[in-house]
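Participant: This is the structure I have questions about; it appears just below.
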Amino acid sequence: MIDFIRLDHVLISIPPGSRAQARMFYTQVLALTEIQGQHPHGALWFQLGDAELHVREEEGHTSDSSRHPAFEIRDLAEAKSFLLSRGVDVSYSSEIDGRDRCFFRDPWGNRFELIEYKQAVAKH
């Protein structure tokens, strides 16, 4: 058995030569805090709640994959409004019982899911 504790980080790729643009998108558009340091392979690291997002330039990057990390958030309506106000397209998918969700992509096609768990309805 593996006793998992939590998600530590997710690494996504961007095309070579996109590092400066990625730094701008994640810090200025998404308002994430960059984790400073000399990270392996020149990756950029950003804080996402109690997890990290690692962004690294890689040959062969594709922008049409459905692969994605999903992040639980507190207020989906607020998050969608925030993204739309910054020019980030938001898409929707099938419904899942007990949670609302949406998707967005960064400028390189990396897909992200945001999930808000619905409060349980009290049974009488």
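Ligands are numbered from 1 in the order shown, chains are lettered A, B, ... in the order of the structure tokens, and residues start at 1 in each chain.
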Find the residues around Ser91 of chain A up to 12 Å (only C-alpha atoms counted), leave out those fewer than 2 positions away in its own chain, and share them as an MDAnalysis selection string.
Facilitator: chainID A and resid 80 83:84 88:89 93:94 101:105 111:114
Participant: Write down as a list in words the residues belonging to segment 6-123 of chain A that are assigned helix (DSSP H, G or I) by DSSP computed on the backbone.
Facilitator: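 Of segment 6-123 of chain A, the ones in helix (DSSP H, G or I) are Arg19, Ala20, Gln21, Ala22, Arg23, Met24, Phe25, Tyr26, Thr27, Gln28, Val29, Pro40, His41, Gly42, Leu76, Ala77, Glu78, Ala79, Lys80, Ser81, Phe82, Leu83, Leu84 and Ser85 of chain A.
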Participant: What would the file look like if the residues just selected were written as a JSON list (two decimals), in the first residue's frame with N, CA and C atoms?
Facilitator:
[["chain", "number", "residue", "atom", "x", "y", "z"],
["A", 19, "ARG", "N", 9.36, 30.69, -22.07],
["A", 19, "ARG", "CA", 9.53, 30.87, -20.61],
["A", 19, "ARG", "C", 9.07, 32.25, -20.13],
["A", 20, "ALA", "N", 9.50, 33.32, -20.78],
["A", 20, "ALA", "CA", 9.14, 34.67, -20.34],
["A", 20, "ALA", "C", 7.63, 34.90, -20.46],
["A", 21, "GLN", "N", 7.06, 34.44, -21.56],
["A", 21, "GLN", "CA", 5.61, 34.57, -21.74],
["A", 21, "GLN", "C", 4.85, 33.76, -20.69],
["A", 22, "ALA", "N", 5.36, 32.59, -20.35],
["A", 22, "ALA", "CA", 4.73, 31.76, -19.32],
["A", 22, "ALA", "C", 4.78, 32.46, -17.95],
["A", 23, "ARG", "N", 5.92, 33.02, -17.63],
["A", 23, "ARG", "CA", 6.04, 33.75, -16.37],
["A", 23, "ARG", "C", 4.99, 34.87, -16.30],
["A", 24, "MET", "N", 4.83, 35.61, -17.39],
["A", 24, "MET", "CA", 3.84, 36.69, -17.42],
["A", 24, "MET", "C", 2.42, 36.14, -17.26],
["A", 25, "PHE", "N", 2.08, 35.08, -18.00],
["A", 25, "PHE", "CA", 0.73, 34.54, -17.93],
["A", 25, "PHE", "C", 0.39, 34.06, -16.52],
["A", 26, "TYR", "N", 1.28, 33.27, -15.93],
["A", 26, "TYR", "CA", 0.96, 32.68, -14.63],
["A", 26, "TYR", "C", 1.01, 33.70, -13.49],
["A", 27, "THR", "N", 1.89, 34.69, -13.57],
["A", 27, "THR", "CA", 1.95, 35.68, -12.48],
["A", 27, "THR", "C", 0.99, 36.84, -12.70],
["A", 28, "GLN", "N", 0.84, 37.31, -13.93],
["A", 28, "GLN", "CA", 0.01, 38.50, -14.16],
["A", 28, "GLN", "C", -1.43, 38.16, -14.53],
["A", 29, "VAL", "N", -1.65, 37.16, -15.37],
["A", 29, "VAL", "CA", -3.01, 36.82, -15.76],
["A", 29, "VAL", "C", -3.69, 35.98, -14.69],
["A", 40, "PRO", "N", 15.28, 22.61, -11.40],
["A", 40, "PRO", "CA", 15.80, 21.70, -12.42],
["A", 40, "PRO", "C", 15.27, 22.02, -13.81],
["A", 41, "HIS", "N", 16.14, 21.91, -14.78],
["A", 41, "HIS", "CA", 15.81, 22.10, -16.20],
["A", 41, "HIS", "C", 15.24, 23.49, -16.50],
["A", 42, "GLY", "N", 15.55, 24.48, -15.67],
["A", 42, "GLY", "CA", 15.08, 25.84, -15.89],
["A", 42, "GLY", "C", 13.58, 26.02, -15.72],
["A", 76, "LEU", "N", -16.48, 28.71, -7.51],
["A", 76, "LEU", "CA", -16.33, 28.52, -8.95],
["A", 76, "LEU", "C", -16.84, 29.72, -9.74],
["A", 77, "ALA", "N", -17.95, 30.30, -9.32],
["A", 77, "ALA", "CA", -18.48, 31.47, -10.04],
["A", 77, "ALA", "C", -17.47, 32.61, -10.02],
["A", 78, "GLU", "N", -16.86, 32.84, -8.88],
["A", 78, "GLU", "CA", -15.84, 33.90, -8.77],
["A", 78, "GLU", "C", -14.63, 33.58, -9.64],
["A", 79, "ALA", "N", -14.21, 32.32, -9.65],
["A", 79, "ALA", "CA", -13.05, 31.93, -10.46],
["A", 79, "ALA", "C", -13.34, 32.11, -11.95],
["A", 80, "LYS", "N", -14.53, 31.71, -12.39],
["A", 80, "LYS", "CA", -14.89, 31.89, -13.80],
["A", 80, "LYS", "C", -14.91, 33.37, -14.17],
["A", 81, "SER", "N", -15.48, 34.19, -13.32],
["A", 81, "SER", "CA", -15.53, 35.63, -13.57],
["A", 81, "SER", "C", -14.12, 36.21, -13.65],
["A", 82, "PHE", "N", -13.24, 35.79, -12.75],
["A", 82, "PHE", "CA", -11.85, 36.24, -12.74],
["A", 82, "PHE", "C", -11.16, 35.87, -14.05],
["A", 83, "LEU", "N", -11.29, 34.62, -14.48],
["A", 83, "LEU", "CA", -10.65, 34.18, -15.72],
["A", 83, "LEU", "C", -11.19, 34.95, -16.93],
["A", 84, "LEU", "N", -12.50, 35.07, -17.02],
["A", 84, "LEU", "CA", -13.11, 35.77, -18.15],
["A", 84, "LEU", "C", -12.69, 37.24, -18.19],
["A", 85, "SER", "N", -12.56, 37.87, -17.01],
["A", 85, "SER", "CA", -12.15, 39.28, -16.97],
["A", 85, "SER", "C", -10.73, 39.48, -17.46]]
Participant: According to DSSP computed on the backbone, where in segment 9-69 of chain A is there strand (DSSP E or B)? Give the residues as a ChimeraX atom specification.
Facilitator: /A:9-14,33-35,44-48,51-57
Participant: Using only C-alpha atoms, pick whichever of A:Arg67, A:Phe4, A:Ser18, A:His54 has the shortest atom-to-atom distance to Ile35 of chain A.
Facilitator: A:His54
Participant: Just the residues within 7 Å of Phe46 of chain A, please, counting only C-alpha atoms, with nothing from its chain fewer than 4 positions along; format it as a PDB file with C-alpha atoms, in the first residue's frame.
Facilitator:
ATOM      1  CA  LEU A  32      -0.035  33.051  -9.016  1.00  0.00           C
ATOM      2  CA  THR A  33       3.000  33.585  -6.818  1.00  0.00           C
ATOM      3  CA  GLU A  34       6.260  32.436  -8.396  1.00  0.00           C
ATOM      4  CA  ILE A  35       8.525  30.293  -6.222  1.00  0.00           C
ATOM      5  CA  GLU A  52       2.795  23.693  -6.822  1.00  0.00           C
ATOM      6  CA  LEU A  53       2.615  24.106 -10.580  1.00  0.00           C
ATOM      7  CA  HIS A  54       5.889  23.458 -12.401  1.00  0.00           C
TER       8      HIS A  54
END
Participant: Which residues, written as a PyMOL selection string, have at least one atom at most 9 Å from segment 95-98 of chain A, with only C-alpha atoms counted and residues fewer than 5 positions away on the same chain left out?
Facilitator: chain A and resi 116-120
Participant: Find the distance between atom CA of Gly109 of chain A and atom CA of Ile14 of chain A and write it in Å to one decimal.
Facilitator: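 Atom CA of Ile14 of chain A lies 8.7 Å from atom CA of Gly109 of chain A.
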Participant: Neighbouring residues of Ala51 of chain A were defined as those with any atom within 10 Å, considering only C-alpha atoms; residues of the same chain fewer than 2 positions away were excluded. Please report them as number ranges by chain.
Facilitator: A: 6-10, 46-49, 53-54, 71
Participant: For the residues selected in the previous step, produce a file with N, CA and C atoms as a PDB file, in the first residue's frame.
Facilitator:
ATOM      1  N   ARG A   6      -1.085  14.023  -0.125  1.00  0.00           N
ATOM      2  CA  ARG A   6      -1.711  15.115  -0.881  1.00  0.00           C
ATOM      3  C   ARG A   6      -0.987  15.255  -2.212  1.00  0.00           C
ATOM      4  N   LEU A   7      -1.543  16.016  -3.105  1.00  0.00           N
ATOM      5  CA  LEU A   7      -0.869  16.353  -4.352  1.00  0.00           C
ATOM      6  C   LEU A   7       0.215  17.375  -4.035  1.00  0.00           C
ATOM      7  N   ASP A   8       1.444  17.122  -4.421  1.00  0.00           N
ATOM      8  CA  ASP A   8       2.552  18.039  -4.159  1.00  0.00           C
ATOM      9  C   ASP A   8       2.722  19.030  -5.303  1.00  0.00           C
ATOM     10  N   HIS A   9       2.823  18.530  -6.546  1.00  0.00           N
ATOM     11  CA  HIS A   9       2.973  19.427  -7.686  1.00  0.00           C
ATOM     12  C   HIS A   9       2.529  18.745  -8.966  1.00  0.00           C
ATOM     13  N   VAL A  10       2.293  19.560  -9.964  1.00  0.00           N
ATOM     14  CA  VAL A  10       1.975  19.108 -11.321  1.00  0.00           C
ATOM     15  C   VAL A  10       2.974  19.803 -12.237  1.00  0.00           C
ATOM     16  N   PHE A  46       5.281  27.717  -9.420  1.00  0.00           N
ATOM     17  CA  PHE A  46       4.268  28.633  -8.898  1.00  0.00           C
ATOM     18  C   PHE A  46       3.485  27.952  -7.782  1.00  0.00           C
ATOM     19  N   GLN A  47       3.049  28.751  -6.812  1.00  0.00           N
ATOM     20  CA  GLN A  47       2.260  28.232  -5.702  1.00  0.00           C
ATOM     21  C   GLN A  47       0.792  28.161  -6.102  1.00  0.00           C
ATOM     22  N   LEU A  48       0.154  27.023  -5.830  1.00  0.00           N
ATOM     23  CA  LEU A  48      -1.278  26.799  -6.108  1.00  0.00           C
ATOM     24  C   LEU A  48      -1.902  26.221  -4.850  1.00  0.00           C
ATOM     25  N   GLY A  49      -2.398  27.051  -3.967  1.00  0.00           N
ATOM     26  CA  GLY A  49      -2.921  26.527  -2.705  1.00  0.00           C
ATOM     27  C   GLY A  49      -1.811  25.819  -1.965  1.00  0.00           C
ATOM     28  N   LEU A  53       2.669  24.308  -9.142  1.00  0.00           N
ATOM     29  CA  LEU A  53       2.615  24.106 -10.580  1.00  0.00           C
ATOM     30  C   LEU A  53       4.020  24.335 -11.107  1.00  0.00           C
ATOM     31  N   HIS A  54       4.573  23.352 -11.794  1.00  0.00           N
ATOM     32  CA  HIS A  54       5.889  23.458 -12.401  1.00  0.00           C
ATOM     33  C   HIS A  54       5.701  23.548 -13.912  1.00  0.00           C
ATOM     34  N   PHE A  71      -8.141  21.102  -9.794  1.00  0.00           N
ATOM     35  CA  PHE A  71      -7.910  21.761  -8.520  1.00  0.00           C
ATOM     36  C   PHE A  71      -9.236  22.100  -7.861  1.00  0.00           C
TER      37      PHE A  71
END
Participant: Quick one, how far is atom CA of Arg99 of chain A from atom CA of Asp3 of chain A?
Facilitator: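 These two atoms are separated by 25.4 Å.
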Participant: Applying 7 Å and only C-alpha atoms, which residues near Pro16 of chain A remain after dropping the ones on its own chain fewer than 4 positions away? List them as a list in words.
Facilitator: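 Listed by chain and then number, they are Glu57, Glu58 and Glu59 of chain A.
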Participant: Nearest to Asp106 of chain A: which of A:Ala70, A:Ala43, A:Ile12, A:Ile2 is it, counting only C-alpha atoms?
Facilitator: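 Of the candidates, the smallest distance to Asp106 of chain A is held by A:Ile12.
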Participant: I'd like to know which of A:Arg86, A:Ile115, A:Trp108, A:Asp50 is closest to Arg74 of chain A, using only C-alpha atoms.
Facilitator: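 Once distances to Arg74 of chain A are computed over only C-alpha atoms, the minimum belongs to A:Ile115.
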Participant: Between atom CA of Gly17 of chain A and atom CA of Ser65 of chain A, what is the distance in Å, rounded to a tenth?
Facilitator: 20.5 Å
